[in-house]
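Coordinates from final37.cif are shown below (mmCIF, C-alpha atoms).
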data_protein
#
loop_
_atom_site.label_atom_id
_atom_site.label_comp_id
_atom_site.auth_asym_id
_atom_site.auth_seq_id
_atom_site.Cartn_x
_atom_site.Cartn_y
_atom_site.Cartn_z
CA MET A 1 10.21 35.92 5.53
CA SER A 2 6.61 35.51 6.49
CA SER A 3 6.00 33.27 9.42
CA THR A 4 3.13 31.33 10.83
CA GLU A 5 3.33 29.17 13.85
CA GLN A 6 0.03 27.40 13.47
CA GLY A 7 1.86 24.14 13.90
CA THR A 8 2.80 25.02 17.45
CA SER A 9 -0.76 25.00 18.69
CA SER A 10 -1.17 21.43 17.60
CA ALA A 11 2.17 20.37 19.00
CA ALA A 12 1.51 17.70 21.60
CA PRO A 13 2.17 18.50 25.25
CA ALA A 14 4.99 16.77 27.09
CA GLU A 15 4.37 13.04 27.38
CA PRO A 16 2.81 12.10 30.75
CA THR A 17 5.03 9.84 32.75
CA THR A 18 3.86 6.84 34.74
CA ALA A 19 7.12 6.34 36.58
CA PRO A 20 7.32 7.25 40.29
CA GLU A 21 8.28 10.86 40.86
CA SER A 22 11.54 10.05 42.60
CA ALA A 23 12.70 7.88 39.65
CA ALA A 24 11.53 10.27 36.94
CA ALA A 25 14.26 11.65 34.73
CA PRO A 26 14.42 15.43 34.50
CA GLU A 27 12.13 16.56 31.72
CA VAL A 28 14.08 17.58 28.62
CA PRO A 29 12.50 20.55 26.86
CA GLU A 30 11.25 19.60 23.45
CA SER A 31 13.17 21.06 20.55
CA PHE A 32 11.46 22.59 17.56
CA TYR A 33 12.45 23.02 13.95
CA TYR A 34 11.08 25.10 11.14
CA VAL A 35 10.15 24.10 7.60
CA HIS A 36 8.69 25.95 4.66
CA GLY A 37 7.38 25.00 1.26
CA LYS A 38 7.00 26.77 -2.07
CA ASP A 39 4.80 29.46 -0.48
CA LYS A 40 7.54 30.36 2.08
CA VAL A 41 5.09 30.00 4.95
CA VAL A 42 7.11 28.69 7.88
CA HIS A 43 5.77 25.88 10.04
CA LYS A 44 7.14 25.20 13.50
CA VAL A 45 7.29 21.46 14.13
CA SER A 46 8.59 19.50 17.09
CA ALA A 47 11.51 17.14 16.64
CA GLY A 48 9.20 14.36 17.85
CA ALA A 49 6.72 14.98 15.05
CA LEU A 50 9.52 15.27 12.50
CA GLN A 51 10.75 11.81 13.41
CA HIS A 52 8.17 10.47 10.96
CA SER A 53 10.23 11.93 8.12
CA ALA A 54 13.42 9.93 7.61
CA LEU A 55 14.79 12.76 5.45
CA ILE A 56 14.29 15.55 8.00
CA HIS A 57 15.17 13.32 10.93
CA GLY A 58 18.48 12.57 9.23
CA MET A 59 19.07 16.27 8.62
CA ILE A 60 18.38 17.42 12.19
CA SER A 61 19.85 14.55 14.16
CA ASN A 62 23.35 15.95 14.16
CA LEU A 63 22.65 19.67 13.95
CA GLY A 64 22.25 20.46 17.66
CA TYR A 65 20.57 23.77 16.80
CA THR A 66 19.48 26.15 19.53
CA GLU A 67 15.91 27.43 19.30
CA GLU A 68 17.21 30.68 17.77
CA GLN A 69 19.39 28.93 15.22
CA ALA A 70 16.55 26.63 14.21
CA LYS A 71 14.22 29.60 13.78
CA ALA A 72 16.77 31.43 11.68
CA ASN A 73 17.38 28.41 9.43
CA PRO A 74 14.07 26.88 8.35
CA PHE A 75 14.39 23.84 6.08
CA PRO A 76 13.32 24.89 2.60
CA PHE A 77 11.23 22.46 0.59
CA GLU A 78 10.73 24.52 -2.54
CA ASN A 79 9.40 21.52 -4.45
CA ILE A 80 6.40 21.10 -2.11
CA ASP A 81 3.29 23.29 -2.31
CA GLY A 82 2.43 25.13 0.89
CA ASP A 83 -0.94 23.44 1.41
CA ILE A 84 0.60 20.01 0.87
CA LEU A 85 3.38 20.73 3.37
CA GLN A 86 0.71 21.89 5.81
CA MET A 87 -1.07 18.54 5.40
CA VAL A 88 2.19 16.69 6.03
CA VAL A 89 3.00 18.79 9.12
CA ASP A 90 -0.52 18.25 10.48
CA TRP A 91 -0.24 14.51 9.95
CA CYS A 92 3.16 14.38 11.68
CA ASN A 93 1.78 16.36 14.62
CA GLN A 94 -1.31 14.17 14.90
CA HIS A 95 0.71 10.98 14.88
CA LYS A 96 3.58 12.18 17.03
CA GLY A 97 4.72 9.42 19.37
CA LYS A 98 1.66 7.29 18.57
CA PRO A 99 1.43 3.98 16.77
CA THR A 100 -0.04 4.60 13.33
CA PRO A 101 -3.54 3.14 12.81
CA PRO A 102 -4.10 0.55 10.05
CA GLU A 103 -6.04 3.06 7.96
CA ASP A 104 -6.14 6.80 7.54
CA THR A 105 -9.37 8.22 6.21
CA ASN A 106 -8.31 11.86 6.32
CA LEU A 107 -6.34 11.84 3.11
CA PRO A 108 -7.42 14.14 0.29
CA LYS A 109 -10.00 12.69 -2.06
CA GLN A 110 -9.11 14.99 -4.99
CA LYS A 111 -6.72 13.14 -7.22
CA GLU A 112 -4.38 16.07 -7.94
CA LYS A 113 -3.93 16.84 -4.25
CA LEU A 114 -3.34 13.17 -3.50
CA PHE A 115 -0.83 12.98 -6.34
CA ASP A 116 1.13 15.96 -4.92
CA LEU A 117 0.90 14.49 -1.43
CA VAL A 118 2.35 11.17 -2.62
CA LEU A 119 5.30 12.95 -4.24
CA ALA A 120 5.92 15.12 -1.16
CA VAL A 121 5.65 12.22 1.27
CA ASN A 122 7.93 10.12 -0.89
CA TYR A 123 10.49 12.95 -1.00
CA LEU A 124 10.30 13.48 2.76
CA GLU A 125 10.49 9.71 3.31
CA ILE A 126 7.47 9.35 5.58
CA LYS A 127 6.97 5.63 5.23
CA GLU A 128 3.64 5.15 7.03
CA LEU A 129 1.96 8.10 5.34
CA LEU A 130 3.24 6.90 1.97
CA THR A 131 1.64 3.51 2.62
CA TYR A 132 -1.72 5.18 3.38
CA CYS A 133 -1.42 7.33 0.27
CA CYS A 134 -0.64 4.35 -1.96
CA LYS A 135 -3.66 2.50 -0.55
CA GLN A 136 -5.79 5.55 -1.30
CA VAL A 137 -4.45 5.75 -4.86
CA ALA A 138 -5.19 2.04 -5.37
CA MET A 139 -8.75 2.59 -4.01
CA MET A 140 -9.42 5.13 -6.74
CA VAL A 141 -9.70 2.43 -9.42
CA LYS A 142 -11.86 -0.06 -7.54
CA GLY A 143 -14.77 -1.15 -9.71
CA LYS A 144 -13.43 0.64 -12.80
CA SER A 145 -12.98 -0.66 -16.32
CA PRO A 146 -9.54 -0.43 -18.01
CA GLU A 147 -10.67 2.68 -19.93
CA GLU A 148 -11.83 4.35 -16.72
CA ILE A 149 -8.54 3.41 -15.03
CA ARG A 150 -6.66 5.00 -17.92
CA GLU A 151 -8.57 8.24 -17.44
CA ILE A 152 -8.11 8.35 -13.67
CA TRP A 153 -4.39 7.56 -13.70
CA MET A 154 -3.74 9.29 -17.04
CA ILE A 155 -2.05 6.24 -18.54
CA PRO A 156 -1.05 6.84 -22.18
CA THR A 157 -2.46 4.57 -24.87
CA ASP A 158 -0.13 2.29 -26.86
CA ALA A 159 -0.25 4.79 -29.75
CA GLU A 160 0.73 7.65 -27.42
CA ASP A 161 3.56 5.59 -25.95
CA GLU A 162 4.83 4.76 -29.44
CA ALA A 163 4.66 8.42 -30.52
CA ALA A 164 6.51 9.49 -27.35
CA GLU A 165 9.16 6.85 -27.94
CA LYS A 166 9.65 7.99 -31.55
CA GLU A 167 9.90 11.60 -30.40
CA ALA A 168 12.46 10.68 -27.74
CA LYS A 169 14.55 8.78 -30.32
CA LYS A 170 14.36 11.74 -32.71
CA ARG A 171 15.44 14.13 -29.96
CA ALA A 172 18.28 11.86 -28.91
CA GLY A 173 19.41 11.63 -32.55
CA LYS A 174 19.37 15.41 -32.90
CA GLU A 175 21.30 15.86 -29.66
CA ALA A 176 23.89 13.30 -30.76
CA ALA A 177 24.22 15.07 -34.14
CA GLY A 178 24.60 18.42 -32.34
CA GLU A 179 27.33 17.02 -30.10
CA THR A 180 29.18 15.59 -33.11
CA ALA A 181 28.96 18.93 -34.91
CA ALA A 182 30.18 20.77 -31.79
CA ALA A 183 33.07 18.34 -31.40
CA ALA A 184 33.99 18.84 -35.07
CA GLY A 185 33.83 22.63 -34.55
CA ASP A 186 36.13 22.35 -31.53
CA ALA A 187 38.59 20.25 -33.53
CA LYS A 188 38.79 22.98 -36.19
CA MET B 189 -2.81 12.08 -11.62
CA LYS B 190 -0.16 10.52 -13.78
CA LEU B 191 0.74 7.11 -12.41
CA CYS B 192 3.85 6.88 -14.57
CA LYS B 193 5.25 10.04 -12.91
CA PHE B 194 5.50 8.25 -9.58
CA PRO B 195 8.86 6.70 -8.71
CA TYR B 196 9.09 2.97 -9.41
CA HIS B 197 8.86 1.92 -5.75
CA VAL B 198 5.72 4.05 -5.27
CA GLN B 199 4.10 2.41 -8.31
CA GLU B 200 5.09 -0.93 -6.79
CA ASP B 201 3.48 0.03 -3.47
CA ILE B 202 0.27 1.07 -5.25
CA LEU B 203 0.10 -2.20 -7.20
CA ASP B 204 0.74 -4.17 -3.99
CA ASN B 205 -2.47 -2.67 -2.64
CA MET B 206 -4.54 -3.90 -5.55
CA GLU B 207 -6.42 -7.18 -5.84
CA PHE B 208 -5.47 -9.72 -8.53
CA SER B 209 -8.71 -8.91 -10.35
CA GLU B 210 -7.78 -5.22 -10.46
CA ILE B 211 -4.23 -5.99 -11.60
CA PHE B 212 -5.72 -8.20 -14.32
CA LEU B 213 -7.88 -5.32 -15.59
CA LEU B 214 -5.03 -2.82 -15.30
CA SER B 215 -2.91 -5.00 -17.58
CA PHE B 216 -5.28 -4.22 -20.46
CA VAL B 217 -4.76 -0.46 -20.24
CA SER B 218 -1.56 -0.51 -22.31
CA HIS B 219 1.41 -2.69 -23.23
CA ASN B 220 3.70 -0.53 -21.13
CA MET B 221 1.40 -0.86 -18.15
CA LYS B 222 1.42 -4.63 -18.54
CA LYS B 223 5.23 -4.58 -18.63
CA THR B 224 5.32 -2.39 -15.51
CA ILE B 225 3.02 -4.78 -13.65
CA LYS B 226 5.13 -7.78 -14.64
CA SER B 227 8.31 -6.14 -13.37
CA CYS B 228 6.78 -4.59 -10.21
CA GLN B 229 4.91 -7.71 -9.15
CA VAL B 230 7.58 -10.36 -9.59
CA THR B 231 7.58 -11.30 -5.90
CA ARG B 232 3.79 -11.41 -5.73
CA PHE B 233 3.53 -13.52 -8.87
CA LYS B 234 6.19 -15.88 -7.51
CA SER B 235 4.01 -16.46 -4.44
CA ILE B 236 1.25 -17.98 -6.60
CA ASN B 237 0.91 -21.69 -5.93
CA VAL B 238 -1.80 -22.46 -8.41
CA ILE B 239 -4.45 -20.80 -10.56
CA MET B 240 -7.67 -22.72 -10.34
CA TYR B 241 -10.48 -22.89 -12.88
CA GLU B 242 -13.61 -23.93 -11.10
CA GLY B 243 -16.82 -24.90 -12.82
CA SER B 244 -19.14 -26.03 -10.08
CA GLY B 245 -22.20 -26.48 -12.23
CA GLY B 246 -24.39 -23.72 -13.55
CA ASP B 247 -23.26 -21.64 -16.47
CA TYR B 248 -20.27 -19.92 -14.99
CA LYS B 249 -16.71 -20.63 -14.02
CA THR B 250 -14.41 -18.81 -11.66
CA VAL B 251 -10.70 -18.26 -12.01
CA ASP B 252 -9.10 -18.12 -8.56
CA VAL B 253 -5.52 -17.37 -7.60
CA HIS B 254 -4.17 -19.46 -4.73
CA TYR B 255 -1.04 -17.98 -3.21
CA LYS B 256 1.01 -18.43 -0.06
CA LYS B 257 -1.22 -16.31 2.17
CA GLY B 258 -4.64 -17.31 0.84
CA SER B 259 -6.71 -17.17 -2.30
CA ARG B 260 -8.62 -14.58 -4.28
CA SER B 261 -11.07 -14.76 -7.16
CA MET B 262 -9.66 -13.01 -10.19
CA LEU B 263 -12.42 -13.26 -12.76
CA MET B 264 -15.49 -15.16 -13.83
CA ILE B 265 -16.57 -16.61 -17.14
CA ALA B 266 -20.30 -16.75 -17.73
CA SER B 267 -22.06 -18.50 -20.59
CA HIS B 268 -24.86 -15.98 -20.61
CA ARG B 269 -25.34 -12.32 -21.17
CA LEU B 270 -27.38 -10.03 -18.98
CA PRO B 271 -29.37 -7.13 -20.39
CA SER B 272 -26.90 -4.48 -19.32
CA ASN B 273 -25.15 -1.52 -20.86
CA ASP B 274 -22.14 -1.93 -18.62
CA TYR B 275 -20.19 -4.21 -20.94
CA PHE B 276 -16.77 -3.21 -22.16
CA PRO B 277 -14.68 -5.06 -24.74
CA LEU B 278 -11.29 -6.57 -23.90
CA ASN B 279 -8.83 -8.03 -26.34
CA ILE B 280 -7.82 -11.36 -24.83
CA SER B 281 -5.04 -13.05 -26.81
CA GLY B 282 -6.27 -11.51 -30.08
CA LYS B 283 -9.98 -12.12 -29.55
CA ILE B 284 -12.48 -9.56 -28.34
CA TYR B 285 -14.76 -10.55 -25.48
CA ASP B 286 -17.30 -8.52 -23.55
CA PHE B 287 -16.70 -7.99 -19.87
CA ARG B 288 -18.61 -6.34 -17.09
CA LEU B 289 -17.77 -5.60 -13.48
CA CYS B 290 -19.95 -7.59 -11.22
CA ASP B 291 -20.58 -6.60 -7.60
CA GLU B 292 -23.12 -9.29 -6.72
CA TYR B 293 -20.45 -11.33 -4.90
CA ALA B 294 -19.88 -8.62 -2.31
CA LYS B 295 -22.88 -9.85 -0.33
CA TYR B 296 -21.26 -13.29 -0.04
CA GLY B 297 -18.32 -11.72 1.75
CA SER B 298 -16.02 -11.81 -1.26
CA PHE B 299 -12.75 -9.99 -0.68
CA CYS B 300 -13.06 -8.36 -4.03
CA LYS B 301 -16.23 -6.36 -4.41
CA TYR B 302 -16.04 -5.98 -8.15
CA LEU B 303 -15.13 -9.04 -10.15
CA PRO B 304 -14.49 -8.91 -13.90
CA HIS B 305 -17.02 -11.10 -15.61
CA ALA B 306 -16.30 -12.39 -19.14
CA CYS B 307 -19.55 -13.01 -20.96
CA CYS B 308 -19.81 -15.43 -23.82
CA HIS B 309 -22.28 -17.66 -25.62
CA PRO B 310 -22.30 -21.29 -24.48
CA TYR B 311 -20.66 -22.35 -27.77
CA GLU B 312 -17.77 -19.93 -27.08
CA ASP B 313 -17.14 -21.32 -23.61
CA GLU B 314 -14.10 -23.38 -24.52
CA SER B 315 -12.52 -20.77 -26.78
CA VAL B 316 -12.87 -18.01 -24.16
CA ILE B 317 -11.18 -20.23 -21.58
CA LYS B 318 -8.37 -21.00 -24.00
CA SER B 319 -7.90 -17.29 -24.76
CA ILE B 320 -7.91 -16.35 -21.09
CA HIS B 321 -5.53 -19.19 -20.26
CA SER B 322 -3.15 -18.06 -22.98
CA TYR B 323 -3.30 -14.50 -21.61
CA LEU B 324 -2.63 -15.71 -18.06
CA LEU B 325 0.32 -17.82 -19.19
CA ASP B 326 1.89 -14.74 -20.72
CA PHE B 327 0.97 -12.49 -17.80
CA PHE B 328 1.96 -14.67 -14.85
CA GLY B 329 4.70 -16.62 -16.61
CA ASN B 330 5.14 -20.27 -17.44
CA SER B 331 6.10 -21.32 -13.93
CA VAL B 332 2.55 -21.00 -12.57
CA LYS B 333 0.60 -24.25 -12.27
CA TYR B 334 -3.04 -24.55 -13.26
CA HIS B 335 -5.74 -26.73 -11.78
CA TRP B 336 -9.18 -27.60 -13.13
CA LYS B 337 -11.99 -28.31 -10.69
CA THR B 338 -15.25 -29.66 -12.00
CA GLU B 339 -18.38 -31.32 -10.69
CA LYS B 340 -21.94 -32.27 -11.54
CA ASP B 341 -22.36 -32.51 -15.29
CA ASN B 342 -19.75 -30.00 -16.31
CA PHE B 343 -17.02 -32.41 -17.34
CA ILE B 344 -15.60 -30.74 -20.39
CA ILE B 345 -11.97 -29.95 -19.69
CA PRO B 346 -10.30 -27.92 -22.42
CA GLN B 347 -6.78 -28.77 -23.58
CA LEU B 348 -4.69 -26.17 -21.77
CA PRO B 349 -0.91 -25.94 -21.57
CA ASN B 350 0.44 -26.06 -18.00
CA LEU B 351 -2.76 -27.64 -16.71
CA LEU B 352 -1.19 -30.10 -14.31
CA SER B 353 -4.00 -31.32 -12.14
CA CYS B 354 -7.74 -31.58 -11.78
CA SER B 355 -10.40 -32.40 -9.24
CA ILE B 356 -13.55 -34.18 -10.37
CA TRP B 357 -16.70 -34.90 -8.38
CA LEU B 358 -18.78 -37.55 -10.12
CA GLU B 359 -22.33 -38.43 -9.21
CA ASP B 360 -24.22 -41.69 -9.81
CA ASP B 361 -25.62 -40.61 -13.14
CA SER B 362 -22.67 -38.54 -14.34
CA ASP B 363 -21.73 -39.18 -17.93
CA THR B 364 -17.98 -39.77 -18.05
CA LYS B 365 -17.71 -39.87 -21.86
CA ALA B 366 -16.38 -36.30 -22.07
CA LEU B 367 -13.81 -37.08 -19.40
CA GLU B 368 -12.68 -40.22 -21.19
CA GLU B 369 -12.32 -38.19 -24.39
CA TYR B 370 -10.30 -35.56 -22.57
CA PHE B 371 -7.91 -38.12 -21.09
CA SER B 372 -7.44 -39.88 -24.41
CA SER B 373 -6.60 -36.69 -26.29
CA SER B 374 -4.36 -34.96 -23.77
CA SER B 375 -1.01 -35.73 -22.25
CA ALA B 376 -1.19 -37.39 -18.84
CA LEU B 377 -1.81 -35.05 -15.91
CA LYS B 378 0.40 -34.86 -12.85
CA SER B 379 -2.43 -35.45 -10.43
CA ILE B 380 -6.17 -36.07 -10.30
CA TYR B 381 -8.52 -36.05 -7.35
CA LEU B 382 -11.64 -38.06 -8.05
CA SER B 383 -14.66 -38.31 -5.83
CA VAL B 384 -16.98 -40.99 -7.11
CA ASP B 385 -20.08 -42.85 -6.04
CA GLU B 386 -20.40 -46.61 -6.23
CA ARG B 387 -19.50 -47.60 -9.73
CA GLU B 388 -17.65 -50.54 -11.12
CA GLU B 389 -15.83 -49.36 -14.22
CA LEU B 390 -15.48 -45.64 -14.86
CA PHE B 391 -12.91 -45.71 -17.60
CA SER B 392 -11.71 -48.28 -20.07
CA ALA B 393 -8.71 -50.37 -19.05
CA GLU B 394 -6.57 -48.53 -21.64
CA SER B 395 -7.67 -45.09 -20.49
CA LYS B 396 -4.89 -42.55 -20.05
CA PHE B 397 -6.53 -41.71 -16.76
CA TYR B 398 -4.58 -44.62 -15.30
CA GLN B 399 -1.31 -43.08 -16.50
CA THR B 400 -1.74 -40.03 -14.28
CA GLU B 401 1.28 -39.61 -12.05
CA ALA B 402 -0.73 -39.36 -8.83
CA ILE B 403 -4.38 -40.11 -8.27
CA ASP B 404 -6.45 -39.54 -5.18
CA ILE B 405 -9.69 -41.53 -5.16
CA ASP B 406 -12.48 -40.93 -2.70
CA GLN B 407 -15.10 -43.64 -2.94
CA HIS B 408 -17.53 -44.88 -0.30
CA HIS B 409 -17.47 -48.49 -1.36
CA MET B 410 -14.81 -49.84 -3.68
CA ASP B 411 -16.37 -52.71 -5.55
CA HIS B 412 -13.95 -54.47 -7.93
CA CYS B 413 -13.25 -51.18 -9.64
CA GLY B 414 -10.54 -50.65 -12.20
CA PHE B 415 -8.45 -48.22 -10.18
CA LEU B 416 -6.44 -50.94 -8.50
CA SER B 417 -6.04 -53.22 -11.48
CA HIS B 418 -5.25 -50.63 -14.19
CA PHE B 419 -3.33 -47.86 -12.44
CA GLN B 420 0.10 -47.27 -13.98
CA GLY B 421 1.17 -44.01 -12.34
CA ARG B 422 3.50 -43.46 -9.40
CA GLN B 423 1.25 -42.64 -6.46
CA ILE B 424 -2.31 -43.62 -5.57
CA TYR B 425 -4.21 -42.42 -2.52
CA LEU B 426 -7.43 -44.31 -1.83
CA SER B 427 -10.08 -43.34 0.67
CA CYS B 428 -13.00 -45.68 1.18
CA TYR B 429 -15.10 -47.27 3.88
CA THR B 430 -15.32 -50.77 2.46
CA CYS B 431 -13.50 -52.80 -0.16
CA TYR B 432 -12.67 -56.38 -1.05
CA VAL B 433 -9.52 -57.69 0.58
CA SER B 434 -8.90 -59.84 -2.52
CA ASP B 435 -8.64 -56.60 -4.58
CA LEU B 436 -6.04 -55.31 -2.20
CA ILE B 437 -3.99 -58.47 -2.27
CA THR B 438 -4.01 -58.54 -6.07
CA PHE B 439 -3.02 -54.89 -6.16
CA VAL B 440 -0.18 -55.26 -3.68
CA ASP B 441 1.05 -58.39 -5.49
CA ARG B 442 1.11 -56.53 -8.79
CA TRP B 443 3.03 -53.66 -7.29
CA GLN B 444 5.33 -55.62 -5.06
CA SER B 445 8.18 -55.65 -7.52
CA GLU B 446 7.81 -51.93 -8.26
CA LYS B 447 8.65 -49.06 -5.96
CA HIS B 448 5.28 -47.35 -5.75
CA ILE B 449 3.80 -45.45 -2.85
CA ILE B 450 0.74 -47.11 -1.38
CA ILE B 451 -1.30 -45.23 1.21
CA TRP B 452 -4.40 -47.08 2.31
CA ASN B 453 -6.82 -45.05 4.38
CA THR B 454 -9.83 -46.96 5.67
#

How does this structure look as structure tokens?
Amino acid sequence: MSSTEQGTSSAAPAEPTTAPESAAAPEVPESFYYVHGKDKVVHKVSAGALQHSALIHGMISNLGYTEEQAKANPFPFENIDGDILQMVVDWCNQHKGKPTPPEDTNLPKQKEKLFDLVLAVNYLEIKELLTYCCKQVAMMVKGKSPEEIREIWMIPTDAEDEAAEKEAKKRAGKEAAGETAAAAGDAK
Amino acid sequence: MKLCKFPYHVQEDILDNMEFSEIFLLSFVSHNMKKTIKSCQVTRFKSINVIMYEGSGGDYKTVDVHYKKGSRSMLMIASHRLPSNDYFPLNISGKIYDFRLCDEYAKYGSFCKYLPHACCHPYEDESVIKSIHSYLLDFFGNSVKYHWKTEKDNFIIPQLPNLLSCSIWLEDDSDTKALEEYFSSSSALKSIYLSVDEREELFSAESKFYQTEAIDIDQHHMDHCGFLSHFQGRQIYLSCYTCYVSDLITFVDRWQSEKHIIIWNT
């Protein structure tokens, strides 16, 4: 397993405390977890940063892993491209323990990257980032005609939808016929 | 980027971030897209209080959506055509009209930078409004109310289903013939706001204007006008600075036996 710990450098330092020293609770060392995407590159991320993801937060909340156990068991997200997971990890690190701003201008402008990011963020259940992404997707069609919108969002024409529907019906019919034939074969 | 590959709630979130004018344009992309919008935007469409057609003089009209949290312009209808290559055709209720995206309203602080602009010849004005209205009825559903706002000399109100109210600003020399014709040929409206200068008789005594359920008259000086003597609706709201007390007494006498609402604001 290849490993990179680029995420650690951007991990935020311990939160400064404003409470008087005598009343300050003993500082709990921050725990870290490890995730990897399709490219198997492992990212070390703090539990604080991972709180943005409802999916991962739910997974880790009851694990009680030691540092060694966490390192040995990175969470695999095989459905997410490595560069997309990197973007997500960076975003979680940047916004760790901070209120999210009303807008995020650092999202990818290329539509395919944004598309993959939306799917990844939706899968990982990162609500705030998903909201930013959806805003960005909506922005893509500002000032565009219906034909231009179709091209940008790859929306099929009515004819294409009809053809796809016919094809699906045909396939379903064939599958049903196959099942009937198989059932008849079994009966024999 | 394939929008249809996104989960339903993501598509919903994307549509929530779009202006009404953008949603309107998106609905023309395909029948399936229109269906998706209708199902994803149920809550948003339910929040619409009224869709207002506003022709404030000149050769254009705006179609604005008023909803719980505010209002937004959705499109414009212009009775002129600019020398531009940016037009694109849209099939509105079976008729093809040319549209362009207009950004000249951005400088006036409009929330929507690009507004769809239907362009037609002056003689097509009424038919384009009817087509657009029919499209909107199908798109937003029958529960949405429509309001017509008109002033100066632009008093032609088309016969539109679900048009429940109108606001009219008349000037001294305004010709009310078109209005009278509209009232006589259409079913009575729910409410009318009328701002009028000093005139004695605006409409004939038999005019269906007086059958409107609720009328709101704003007139500086009420001088033996027909509003009080001919009104047959349920609610009348009068705002004026001066009037004849004898008119009031006659009016109150006539209505005494009936349970009408009388609000007199002087």

Closest contacts (chain A/chain B, max 9 Å, only C-alpha atoms) as a tab-separated table:
residue	atom	partner	partner_atom	distance
A:Lys111	CA	B:Met189	CA	6.0
A:Glu112	CA	B:Met189	CA	5.7
A:Lys113	CA	B:Met189	CA	8.8
A:Leu114	CA	B:Met189	CA	8.2
A:Phe115	CA	B:Met189	CA	5.7
A:Asp116	CA	B:Met189	CA	8.7
A:Val118	CA	B:Phe194	CA	8.2
A:Leu119	CA	B:Phe194	CA	7.1
A:Asn122	CA	B:Val198	CA	7.8
A:Leu130	CA	B:Val198	CA	8.2
A:Thr131	CA	B:Asp201	CA	7.3
A:Cys133	CA	B:Ile202	CA	8.5
A:Cys134	CA	B:Ile202	CA	4.7
A:Lys135	CA	B:Asn205	CA	5.7
A:Gln136	CA	B:Ile202	CA	8.5
A:Val137	CA	B:Ile202	CA	6.7
A:Ala138	CA	B:Ile202	CA	5.5
A:Met139	CA	B:Met206	CA	7.9
A:Val141	CA	B:Glu210	CA	8.0
A:Lys142	CA	B:Glu210	CA	7.2
A:Gly143	CA	B:Tyr302	CA	5.2
A:Lys144	CA	B:Leu289	CA	7.6
A:Ser145	CA	B:Leu213	CA	6.9
A:Pro146	CA	B:Val217	CA	5.3
A:Glu147	CA	B:Val217	CA	6.7
A:Ile149	CA	B:Leu214	CA	7.2
A:Arg150	CA	B:Val217	CA	6.2
A:Ile152	CA	B:Met189	CA	6.8
A:Trp153	CA	B:Lys190	CA	5.2
A:Met154	CA	B:Lys190	CA	5.0
A:Ile155	CA	B:Lys190	CA	6.7
A:Pro156	CA	B:Ser218	CA	7.4
A:Thr157	CA	B:Ser218	CA	5.8
A:Asp158	CA	B:Ser218	CA	5.5
A:Asp161	CA	B:Asn220	CA	7.8

Starting from the shown file, work through the PyMOL selection byres ((chain B and resi 382) around 6) and note down what comes out as a PyMOL selection string. chain B and resi 355-357+381+383+405

How would you write, as a PyMOL selection string, the residues chosen by the PyMOL selection byres ((chain A and resi 87) around 12) on this structure? chain A and resi 7+37+43+80-86+88-94+106-108+113-114+116-118+120-121+129

In Å, rounded to a single decimal, give me how far CA of Tyr255 (chain B) is from CA of Tyr425 (chain B). 24.7 Å

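For the set B:Glu312, B:Asp406, B:Asp435, B:Glu339, the residue with the smallest atom-to-atom gap to Tyr241 (chain B) is B:Glu339, counting all atoms listed in the file.
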
Evaluated on this file, the PyMOL selection byres ((chain B and resi 308) around 10) picks out some residues - which ones are they, written as a VMD selection string? chain B and resid 248 265 to 269 285 to 287 305 to 307 309 to 316

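Distances to Gln423 (chain B) were evaluated for B:Ala393, B:Ile380, B:Met410, B:Ile280 using only C-alpha atoms, and the minimum falls at B:Ile380.
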
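Take CA of Gln51 (chain A) and CA of Met140 (chain A): the distance between them is 29.3 Å.
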
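Nearest residue to Ala49 (chain A), choosing from A:Lys169, A:Lys96, A:Lys174, A:Lys127 and counting only C-alpha atoms: A:Lys96.
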
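Separating CA of Asn279 (chain B) from CA of Cys354 (chain B) is a distance of 27.7 Å.
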
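Within 7 Å of the point (13.0, 26.1, 2.3) in file coordinates, and counting only C-alpha atoms, lie the residues Val35, His36, Gly37, Lys40, Pro74, Phe75, Pro76, Phe77 and Glu78 of chain A.
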
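Taking only C-alpha atoms into account, Asp252 (chain B) lies nearest to B:Phe208 out of the set B:Phe208, B:Lys222, B:Arg232, B:Asp404.
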
Between A:Ala182, A:Ala70, A:Ala176, A:Ala164, which is the closest to Val45 (chain A) once you count all atoms listed in the file? A:Ala70
